[in-house]
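Okay, structure first, notes after.
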Amino acid sequence: MAPIRKRKHPMPSRANKTREQARDWTQGPAAWAPILLLLIVSSFGAVRAASTAETSNGASLAAAPLQESRVDINTASAARLQLLPRIGPKLAARIVEDRDANGPFADSDDFQRVRGIGPKTAERIAVVAEFSQHH
């Protein structure tokens with residue numbers, strides 16, 4: 001029987017190659033730079049998307065004009081209501097649903113009839129909102 005020859009430089013196994021590649025990727029801060037850049041860019045996009053909403057007719061609404069003009073709770077669309085502090089899509093939908101079912105809100109106290117709107121939220125919204133008496 002012929003003796004088994006050993007190689008001078010054994011080929012690394014596939015598992016060892018994968019481990020070495022993973023080790024190379026995770027070593028040093030330079031390896032994380034592309035990931036950090038991606039996170040920063042994607043975060044900027046999320047902030048930009050959150051600061052802009054769309055009305056029912058497709059017009060864009062930026063959050064900045066809220067400081068200059070007050071939002072009429074009794075006529076605003078769900079998209080416009082979402083620009084108010086602490087109002088998300090579900091709460092905006094409940095506000096519109098309540099307004100359609102029970103009529104316009106007379107004031108911030110009346111506004112609290114919506115589930116999810118308490119005294120603190122009503123107080124925060126009162127700064128940038130108004131309650132017209134026409135619906």
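Just remember, in the structure tokens the first chain shown is A, the second B, etc., residues are 1-based per chain, and ligands are 1-based in the order shown.
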
How close does range 99-127 of chain A get to range 83-95 of chain A? List, as CSV, each residue of range 99-127 of chain A within 7 Å, its nearest atom pair and the distance in Å to one decimal, counting only C-alpha atoms.
residue,atom,partner,partner_atom,distance
A:Arg99,CA,A:Ile95,CA,6.0
A:Val114,CA,A:Ile95,CA,6.2
A:Gly116,CA,A:Leu91,CA,6.8
A:Thr121,CA,A:Arg86,CA,6.9
A:Arg124,CA,A:Pro85,CA,6.8
A:Ile125,CA,A:Pro85,CA,6.3

Emit the selected residues as a PDB file, in the first residue's frame, including C-alpha atoms.
ATOM      1  CA  ARG A  99     -66.127  64.279  13.822  1.00  0.00           C
ATOM      2  CA  VAL A 114     -62.012  61.096  21.141  1.00  0.00           C
ATOM      3  CA  GLY A 116     -56.676  58.791  23.007  1.00  0.00           C
ATOM      4  CA  THR A 121     -52.655  66.088  24.446  1.00  0.00           C
ATOM      5  CA  ARG A 124     -50.438  70.593  23.363  1.00  0.00           C
ATOM      6  CA  ILE A 125     -52.702  70.636  20.319  1.00  0.00           C
TER       7      ILE A 125
END

If you count only C-alpha atoms, which residues fall within 6 Å of range 70-77 of chain A, apart from same-chain ones fewer than 4 positions away, as a tab-separated table (two decimals) with C-alpha atoms, in the first residue's frame?
chain	number	residue	atom	x	y	z
A	104	PRO	CA	-67.73	69.32	14.90
A	128	VAL	CA	-51.43	74.98	16.91
A	129	ALA	CA	-55.10	74.18	16.37
A	130	GLU	CA	-58.45	75.92	16.24
A	131	PHE	CA	-62.04	74.72	16.35

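One finds CA of Ala106 in chain A at 16.6 Å from CA of Leu81 in chain A.
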
Report summary line: One decimal place gives the CA of Asp107 in chain A-CA of Lys120 in chain A separation as 14.3 Å

Report task. Going by DSSP on the backbone, which bits of range 73-132 of chain A are helix (DSSP H, G or I)? Write them as a PyMOL selection string, please. Result -> chain A and resi 78-81+89-102+108-111+119-126

Quick one: write out the picked residues with C-alpha atoms as an mmCIF file, in the first residue's frame?
data_model
loop_
_atom_site.group_PDB
_atom_site.id
_atom_site.type_symbol
_atom_site.label_atom_id
_atom_site.label_comp_id
_atom_site.auth_asym_id
_atom_site.auth_seq_id
_atom_site.Cartn_x
_atom_site.Cartn_y
_atom_site.Cartn_z
ATOM 1 C CA ALA A 78 -56.390 62.860 8.531
ATOM 2 C CA ALA A 79 -53.030 63.632 6.851
ATOM 3 C CA ARG A 80 -53.116 67.221 8.091
ATOM 4 C CA LEU A 81 -54.107 66.095 11.608
ATOM 5 C CA PRO A 89 -52.371 57.754 11.736
ATOM 6 C CA LYS A 90 -54.697 55.776 14.029
ATOM 7 C CA LEU A 91 -55.583 58.713 16.251
ATOM 8 C CA ALA A 92 -56.091 60.970 13.214
ATOM 9 C CA ALA A 93 -58.498 58.391 11.776
ATOM 10 C CA ARG A 94 -60.403 58.261 15.106
ATOM 11 C CA ILE A 95 -60.660 62.074 15.146
ATOM 12 C CA VAL A 96 -62.112 62.162 11.618
ATOM 13 C CA GLU A 97 -64.446 59.251 12.411
ATOM 14 C CA ASP A 98 -65.719 60.936 15.601
ATOM 15 C CA ARG A 99 -66.127 64.279 13.822
ATOM 16 C CA ASP A 100 -68.157 62.648 11.033
ATOM 17 C CA ALA A 101 -70.333 60.685 13.482
ATOM 18 C CA ASN A 102 -70.898 63.326 16.187
ATOM 19 C CA SER A 108 -60.485 71.464 23.323
ATOM 20 C CA ASP A 109 -62.687 70.038 26.109
ATOM 21 C CA ASP A 110 -65.095 68.663 23.498
ATOM 22 C CA PHE A 111 -62.094 67.352 21.558
ATOM 23 C CA PRO A 119 -56.048 66.830 28.838
ATOM 24 C CA LYS A 120 -52.293 66.916 28.138
ATOM 25 C CA THR A 121 -52.655 66.088 24.446
ATOM 26 C CA ALA A 122 -55.511 68.581 24.059
ATOM 27 C CA GLU A 123 -53.359 71.254 25.731
ATOM 28 C CA ARG A 124 -50.438 70.593 23.363
ATOM 29 C CA ILE A 125 -52.702 70.636 20.319
ATOM 30 C CA ALA A 126 -54.508 73.833 21.367
#

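All residues in range 55-125 of chain A with a DSSP state of strand (DSSP E), computed from the backbone, read Ser60, Leu61, Ala62, Val71 and Asp72 of chain A.
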